[in-house]
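**Student:** Provided herewith: data27.pdb, PDB, C-alpha atoms.
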ATOM      1  CA  MET X   1      13.633  83.688 -46.541  1.00  0.00           C
ATOM      2  CA  ASP X   2      16.245  86.294 -47.261  1.00  0.00           C
ATOM      3  CA  LEU X   3      19.868  85.101 -47.332  1.00  0.00           C
ATOM      4  CA  SER X   4      22.082  88.131 -46.728  1.00  0.00           C
ATOM      5  CA  HIS X   5      25.553  86.614 -47.167  1.00  0.00           C
ATOM      6  CA  ILE X   6      27.726  83.572 -46.567  1.00  0.00           C
ATOM      7  CA  GLU X   7      28.239  83.778 -42.807  1.00  0.00           C
ATOM      8  CA  HIS X   8      31.043  81.221 -42.738  1.00  0.00           C
ATOM      9  CA  ILE X   9      32.516  78.109 -44.276  1.00  0.00           C
ATOM     10  CA  GLY X  10      33.141  75.301 -41.776  1.00  0.00           C
ATOM     11  CA  ILE X  11      36.258  73.198 -42.270  1.00  0.00           C
ATOM     12  CA  ALA X  12      36.761  69.958 -40.333  1.00  0.00           C
ATOM     13  CA  VAL X  13      40.341  69.492 -39.122  1.00  0.00           C
ATOM     14  CA  LYS X  14      42.086  66.981 -36.894  1.00  0.00           C
ATOM     15  CA  SER X  15      44.019  69.718 -35.084  1.00  0.00           C
ATOM     16  CA  ILE X  16      43.135  73.402 -34.885  1.00  0.00           C
ATOM     17  CA  ASP X  17      46.685  74.171 -33.736  1.00  0.00           C
ATOM     18  CA  ASP X  18      48.155  72.559 -36.860  1.00  0.00           C
ATOM     19  CA  ALA X  19      45.583  74.091 -39.228  1.00  0.00           C
ATOM     20  CA  LYS X  20      45.960  77.577 -37.710  1.00  0.00           C
ATOM     21  CA  LYS X  21      49.583  77.622 -38.849  1.00  0.00           C
ATOM     22  CA  TYR X  22      48.476  77.310 -42.488  1.00  0.00           C
ATOM     23  CA  TYR X  23      45.824  80.032 -42.250  1.00  0.00           C
ATOM     24  CA  GLU X  24      48.086  82.402 -40.297  1.00  0.00           C
ATOM     25  CA  ASP X  25      51.612  81.706 -41.581  1.00  0.00           C
ATOM     26  CA  ILE X  26      50.840  80.891 -45.223  1.00  0.00           C
ATOM     27  CA  LEU X  27      47.639  82.825 -45.995  1.00  0.00           C
ATOM     28  CA  GLY X  28      48.304  85.688 -43.575  1.00  0.00           C
ATOM     29  CA  LEU X  29      44.893  85.560 -41.867  1.00  0.00           C
ATOM     30  CA  LYS X  30      44.508  86.217 -38.143  1.00  0.00           C
ATOM     31  CA  CYS X  31      42.606  83.886 -35.827  1.00  0.00           C
ATOM     32  CA  TYR X  32      40.361  86.161 -33.789  1.00  0.00           C
ATOM     33  CA  ALA X  33      38.547  83.598 -31.616  1.00  0.00           C
ATOM     34  CA  VAL X  34      38.832  80.042 -30.342  1.00  0.00           C
ATOM     35  CA  GLU X  35      35.794  78.580 -28.594  1.00  0.00           C
ATOM     36  CA  GLU X  36      34.518  75.210 -27.414  1.00  0.00           C
ATOM     37  CA  VAL X  37      30.879  74.351 -28.060  1.00  0.00           C
ATOM     38  CA  LYS X  38      30.409  71.543 -25.542  1.00  0.00           C
ATOM     39  CA  ASP X  39      26.971  70.287 -26.635  1.00  0.00           C
ATOM     40  CA  GLN X  40      28.273  69.874 -30.204  1.00  0.00           C
ATOM     41  CA  MET X  41      31.527  68.269 -28.980  1.00  0.00           C
ATOM     42  CA  VAL X  42      33.623  70.662 -31.035  1.00  0.00           C
ATOM     43  CA  LYS X  43      36.309  73.299 -30.647  1.00  0.00           C
ATOM     44  CA  THR X  44      36.205  76.152 -33.168  1.00  0.00           C
ATOM     45  CA  ALA X  45      38.648  78.756 -34.432  1.00  0.00           C
ATOM     46  CA  PHE X  46      37.570  81.727 -36.558  1.00  0.00           C
ATOM     47  CA  PHE X  47      39.268  83.788 -39.249  1.00  0.00           C
ATOM     48  CA  LYS X  48      37.649  86.621 -41.195  1.00  0.00           C
ATOM     49  CA  ILE X  49      38.205  87.576 -44.803  1.00  0.00           C
ATOM     50  CA  GLY X  50      35.950  90.324 -46.078  1.00  0.00           C
ATOM     51  CA  GLN X  51      32.450  89.715 -44.760  1.00  0.00           C
ATOM     52  CA  THR X  52      32.925  85.931 -44.627  1.00  0.00           C
ATOM     53  CA  LYS X  53      34.416  83.855 -41.855  1.00  0.00           C
ATOM     54  CA  ILE X  54      36.285  80.573 -41.977  1.00  0.00           C
ATOM     55  CA  GLU X  55      35.464  78.310 -39.044  1.00  0.00           C
ATOM     56  CA  LEU X  56      37.880  75.496 -38.232  1.00  0.00           C
ATOM     57  CA  LEU X  57      36.172  72.600 -36.448  1.00  0.00           C
ATOM     58  CA  GLU X  58      38.069  70.139 -34.250  1.00  0.00           C
ATOM     59  CA  ALA X  59      36.214  67.278 -32.566  1.00  0.00           C
ATOM     60  CA  THR X  60      36.501  67.097 -28.784  1.00  0.00           C
ATOM     61  CA  SER X  61      35.047  63.564 -28.678  1.00  0.00           C
ATOM     62  CA  PRO X  62      35.233  60.558 -31.001  1.00  0.00           C
ATOM     63  CA  GLU X  63      31.397  60.599 -30.910  1.00  0.00           C
ATOM     64  CA  SER X  64      31.239  64.117 -32.332  1.00  0.00           C
ATOM     65  CA  PRO X  65      29.664  64.608 -35.774  1.00  0.00           C
ATOM     66  CA  VAL X  66      32.941  66.279 -36.830  1.00  0.00           C
ATOM     67  CA  ALA X  67      34.979  63.238 -35.753  1.00  0.00           C
ATOM     68  CA  LYS X  68      32.633  60.970 -37.703  1.00  0.00           C
ATOM     69  CA  PHE X  69      32.881  63.280 -40.728  1.00  0.00           C
ATOM     70  CA  ILE X  70      36.706  63.136 -40.664  1.00  0.00           C
ATOM     71  CA  ASP X  71      36.674  59.340 -40.221  1.00  0.00           C
ATOM     72  CA  LYS X  72      34.402  58.973 -43.252  1.00  0.00           C
ATOM     73  CA  ARG X  73      35.638  61.741 -45.575  1.00  0.00           C
ATOM     74  CA  GLY X  74      38.882  63.115 -44.149  1.00  0.00           C
ATOM     75  CA  GLU X  75      39.643  66.721 -43.354  1.00  0.00           C
ATOM     76  CA  GLY X  76      38.047  69.393 -45.503  1.00  0.00           C
ATOM     77  CA  ILE X  77      34.978  71.507 -46.084  1.00  0.00           C
ATOM     78  CA  HIS X  78      32.295  70.400 -43.630  1.00  0.00           C
ATOM     79  CA  HIS X  79      29.498  72.937 -44.224  1.00  0.00           C
ATOM     80  CA  ILE X  80      28.494  76.286 -45.652  1.00  0.00           C
ATOM     81  CA  ALA X  81      26.553  78.685 -43.448  1.00  0.00           C
ATOM     82  CA  PHE X  82      24.196  81.378 -44.685  1.00  0.00           C
ATOM     83  CA  ALA X  83      23.153  84.388 -42.630  1.00  0.00           C
ATOM     84  CA  VAL X  84      19.377  84.705 -42.294  1.00  0.00           C
ATOM     85  CA  GLU X  85      17.106  87.082 -40.403  1.00  0.00           C
ATOM     86  CA  ASN X  86      15.506  84.300 -38.332  1.00  0.00           C
ATOM     87  CA  THR X  87      16.855  80.744 -38.185  1.00  0.00           C
ATOM     88  CA  ASP X  88      13.576  79.186 -36.977  1.00  0.00           C
ATOM     89  CA  ALA X  89      11.602  80.838 -39.785  1.00  0.00           C
ATOM     90  CA  ALA X  90      14.178  79.806 -42.402  1.00  0.00           C
ATOM     91  CA  LEU X  91      14.127  76.178 -41.197  1.00  0.00           C
ATOM     92  CA  ALA X  92      10.311  76.120 -41.308  1.00  0.00           C
ATOM     93  CA  GLU X  93      10.269  77.639 -44.798  1.00  0.00           C
ATOM     94  CA  VAL X  94      12.615  75.080 -46.334  1.00  0.00           C
ATOM     95  CA  GLU X  95      10.721  72.237 -44.642  1.00  0.00           C
ATOM     96  CA  GLN X  96       7.520  73.528 -46.242  1.00  0.00           C
ATOM     97  CA  LYS X  97       9.361  73.316 -49.568  1.00  0.00           C
ATOM     98  CA  GLY X  98      10.186  69.633 -48.978  1.00  0.00           C
ATOM     99  CA  ILE X  99      13.740  69.918 -47.653  1.00  0.00           C
ATOM    100  CA  LYS X 100      14.512  67.719 -44.659  1.00  0.00           C
ATOM    101  CA  THR X 101      16.225  69.530 -41.795  1.00  0.00           C
ATOM    102  CA  ILE X 102      18.506  68.144 -39.111  1.00  0.00           C
ATOM    103  CA  ASP X 103      17.236  70.770 -36.682  1.00  0.00           C
ATOM    104  CA  LYS X 104      13.557  71.599 -36.282  1.00  0.00           C
ATOM    105  CA  LYS X 105      14.370  74.611 -34.102  1.00  0.00           C
ATOM    106  CA  ALA X 106      17.456  76.779 -33.783  1.00  0.00           C
ATOM    107  CA  ARG X 107      20.105  75.896 -31.220  1.00  0.00           C
ATOM    108  CA  LYS X 108      23.031  77.877 -29.879  1.00  0.00           C
ATOM    109  CA  GLY X 109      26.250  77.675 -31.840  1.00  0.00           C
ATOM    110  CA  ALA X 110      29.661  79.293 -31.722  1.00  0.00           C
ATOM    111  CA  GLU X 111      29.808  83.069 -31.316  1.00  0.00           C
ATOM    112  CA  GLY X 112      26.325  82.990 -29.745  1.00  0.00           C
ATOM    113  CA  LEU X 113      24.607  82.495 -33.100  1.00  0.00           C
ATOM    114  CA  ASN X 114      21.271  80.709 -33.470  1.00  0.00           C
ATOM    115  CA  ILE X 115      21.981  77.855 -35.877  1.00  0.00           C
ATOM    116  CA  GLY X 116      20.105  75.119 -37.690  1.00  0.00           C
ATOM    117  CA  PHE X 117      21.202  72.573 -40.291  1.00  0.00           C
ATOM    118  CA  LEU X 118      19.610  71.166 -43.433  1.00  0.00           C
ATOM    119  CA  HIS X 119      20.140  67.503 -44.284  1.00  0.00           C
ATOM    120  CA  PRO X 120      22.818  67.098 -46.979  1.00  0.00           C
ATOM    121  CA  LYS X 121      20.818  64.384 -48.763  1.00  0.00           C
ATOM    122  CA  PHE X 122      18.360  67.150 -49.694  1.00  0.00           C
ATOM    123  CA  THR X 123      20.983  69.802 -50.561  1.00  0.00           C
ATOM    124  CA  PHE X 124      23.071  68.006 -53.186  1.00  0.00           C
ATOM    125  CA  GLY X 125      25.549  66.665 -50.637  1.00  0.00           C
ATOM    126  CA  VAL X 126      26.338  70.022 -49.013  1.00  0.00           C
ATOM    127  CA  LEU X 127      25.669  70.294 -45.290  1.00  0.00           C
ATOM    128  CA  THR X 128      23.954  73.691 -45.095  1.00  0.00           C
ATOM    129  CA  GLU X 129      23.583  75.827 -41.992  1.00  0.00           C
ATOM    130  CA  PHE X 130      21.374  78.847 -41.334  1.00  0.00           C
ATOM    131  CA  CYS X 131      22.651  81.400 -38.776  1.00  0.00           C
ATOM    132  CA  SER X 132      21.060  84.422 -37.121  1.00  0.00           C
ATOM    133  CA  ARG X 133      21.801  86.721 -34.200  1.00  0.00           C
TER     134      ARG X 133
END
Step by step, read the file and then write its structure as structure tokens.

**Tutor:**
Amino acid sequence: MDLSHIEHIGIAVKSIDDAKKYYEDILGLKCYAVEEVKDQMVKTAFFKIGQTKIELLEATSPESPVAKFIDKRGEGIHHIAFAVENTDAALAEVEQKGIKTIDKKARKGAEGLNIGFLHPKFTFGVLTEFCSR
């Protein structure tokens, strides 16, 4: 597997509208996209700094993994996403190396990316995502 760069850092927030004010008014970043990913029960907002994106995640349902994350841990860094050539191949490779994955196959994520997650119990507590076009 060849990681090319950090694709984005996902940050769980209670309100994208409230959090956007910090990223735009204080840090001077520009939100370039807001999108709802219905099957993941999440609304996203993206900012870019250099080659890396910041993805704000707001739950659209109390049953959403993001809502459960916030209930358990509060707002903050939710995951780190690495760009890979092929998400399915990267998931299979880490499984062969003994890392448990949440996703066996890639699924569609925000911005049309193919995404797959590794289980944080096998990644030192960091929810890790692989992304590819």

**Student:** What is the CA of Ala106 (chain X)-CA of Ile11 (chain X) distance in Å, reported with one decimal?

**Tutor:** 20.9 Å

**Student:** Check the smallest atom-to-atom distance from each of X:Phe69, X:Ala110, X:Val84, X:Ala33 to Leu127 (chain X) using all atoms listed in the file, then report the winner.

**Tutor:**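 Of all the options, X:Phe69 lies closest to Leu127 (chain X).
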
**Student:** I'd like the neighbourhood of Ile9 (chain X) as a PyMOL selection string, where a residue qualifies if any of its atoms comes within 10 Å (using all atoms listed in the file), though same-chain residues fewer than 6 positions away should be ignored.

**Tutor:** chain X and resi 46+52-56+77-82+128-129

**Student:** Taking every listed atom of region 59-75 of chain X and adding 3 Å to each side, what centre and edge lengths in Å (one decimal) does the axis-aligned box have, as AutoDock Vina command-line options?

**Tutor:**
--center_x 34.7 --center_y 63.1 --center_z -37.1 --size_x 16.0 --size_y 14.3 --size_z 22.9

**Student:** Name all residues at most 9 Å from Lys30 (chain X) (count all atoms listed in the file; drop same-chain ones fewer than 2 positions away) and give them as an mmCIF file with C-alpha atoms, keeping the file's coordinate frame.

**Tutor:**
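Just written: around_29.cif:
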data_model
loop_
_atom_site.group_PDB
_atom_site.id
_atom_site.type_symbol
_atom_site.label_atom_id
_atom_site.label_comp_id
_atom_site.auth_asym_id
_atom_site.auth_seq_id
_atom_site.Cartn_x
_atom_site.Cartn_y
_atom_site.Cartn_z
ATOM 1 C CA LYS X 20 45.960 77.577 -37.710
ATOM 2 C CA TYR X 23 45.824 80.032 -42.250
ATOM 3 C CA GLU X 24 48.086 82.402 -40.297
ATOM 4 C CA GLY X 28 48.304 85.688 -43.575
ATOM 5 C CA TYR X 32 40.361 86.161 -33.789
ATOM 6 C CA PHE X 46 37.570 81.727 -36.558
ATOM 7 C CA PHE X 47 39.268 83.788 -39.249
ATOM 8 C CA LYS X 48 37.649 86.621 -41.195
#

**Student:** Rebuild region 92-113 of chain X to N, CA and C atoms - output it as a CSV table (one decimal), in the coordinates of the input, please.

**Tutor:**
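As written to disk, out_19.csv reads:
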chain,number,residue,atom,x,y,z
X,92,ALA,N,11.7,76.4,-41.0
X,92,ALA,CA,10.3,76.1,-41.3
X,92,ALA,C,10.0,76.3,-42.8
X,93,GLU,N,10.5,77.4,-43.4
X,93,GLU,CA,10.3,77.6,-44.8
X,93,GLU,C,10.8,76.5,-45.7
X,94,VAL,N,12.1,76.1,-45.5
X,94,VAL,CA,12.6,75.1,-46.3
X,94,VAL,C,11.9,73.7,-46.1
X,95,GLU,N,11.5,73.5,-44.9
X,95,GLU,CA,10.7,72.2,-44.6
X,95,GLU,C,9.4,72.3,-45.4
X,96,GLN,N,8.8,73.4,-45.5
X,96,GLN,CA,7.5,73.5,-46.2
X,96,GLN,C,7.8,73.3,-47.7
X,97,LYS,N,9.0,73.5,-48.2
X,97,LYS,CA,9.4,73.3,-49.6
X,97,LYS,C,9.9,71.9,-49.8
X,98,GLY,N,9.8,71.0,-48.8
X,98,GLY,CA,10.2,69.6,-49.0
X,98,GLY,C,11.6,69.3,-48.7
X,99,ILE,N,12.4,70.2,-48.0
X,99,ILE,CA,13.7,69.9,-47.7
X,99,ILE,C,13.8,69.4,-46.2
X,100,LYS,N,14.4,68.3,-46.0
X,100,LYS,CA,14.5,67.7,-44.7
X,100,LYS,C,15.6,68.5,-43.9
X,101,THR,N,15.3,68.8,-42.6
X,101,THR,CA,16.2,69.5,-41.8
X,101,THR,C,16.7,68.6,-40.7
X,102,ILE,N,17.9,68.9,-40.3
X,102,ILE,CA,18.5,68.1,-39.1
X,102,ILE,C,17.9,68.7,-37.8
X,103,ASP,N,17.8,70.1,-37.8
X,103,ASP,CA,17.2,70.8,-36.7
X,103,ASP,C,15.8,71.3,-37.0
X,104,LYS,N,14.9,71.1,-36.1
X,104,LYS,CA,13.6,71.6,-36.3
X,104,LYS,C,13.5,73.0,-35.7
X,105,LYS,N,14.3,73.3,-34.7
X,105,LYS,CA,14.4,74.6,-34.1
X,105,LYS,C,15.8,75.0,-34.0
X,106,ALA,N,16.1,76.3,-33.9
X,106,ALA,CA,17.5,76.8,-33.8
X,106,ALA,C,18.1,76.3,-32.4
X,107,ARG,N,19.4,76.2,-32.4
X,107,ARG,CA,20.1,75.9,-31.2
X,107,ARG,C,21.3,76.9,-31.2
X,108,LYS,N,21.9,77.0,-30.0
X,108,LYS,CA,23.0,77.9,-29.9
X,108,LYS,C,24.3,77.3,-30.5
X,109,GLY,N,25.0,78.1,-31.2
X,109,GLY,CA,26.2,77.7,-31.8
X,109,GLY,C,27.4,78.6,-31.4
X,110,ALA,N,28.5,78.5,-32.0
X,110,ALA,CA,29.7,79.3,-31.7
X,110,ALA,C,29.3,80.8,-32.0
X,111,GLU,N,30.0,81.6,-31.3
X,111,GLU,CA,29.8,83.1,-31.3
X,111,GLU,C,28.4,83.5,-30.9
X,112,GLY,N,27.7,82.6,-30.2
X,112,GLY,CA,26.3,83.0,-29.7
X,112,GLY,C,25.3,83.0,-30.8
X,113,LEU,N,25.6,82.5,-32.0
X,113,LEU,CA,24.6,82.5,-33.1
X,113,LEU,C,23.5,81.4,-32.9
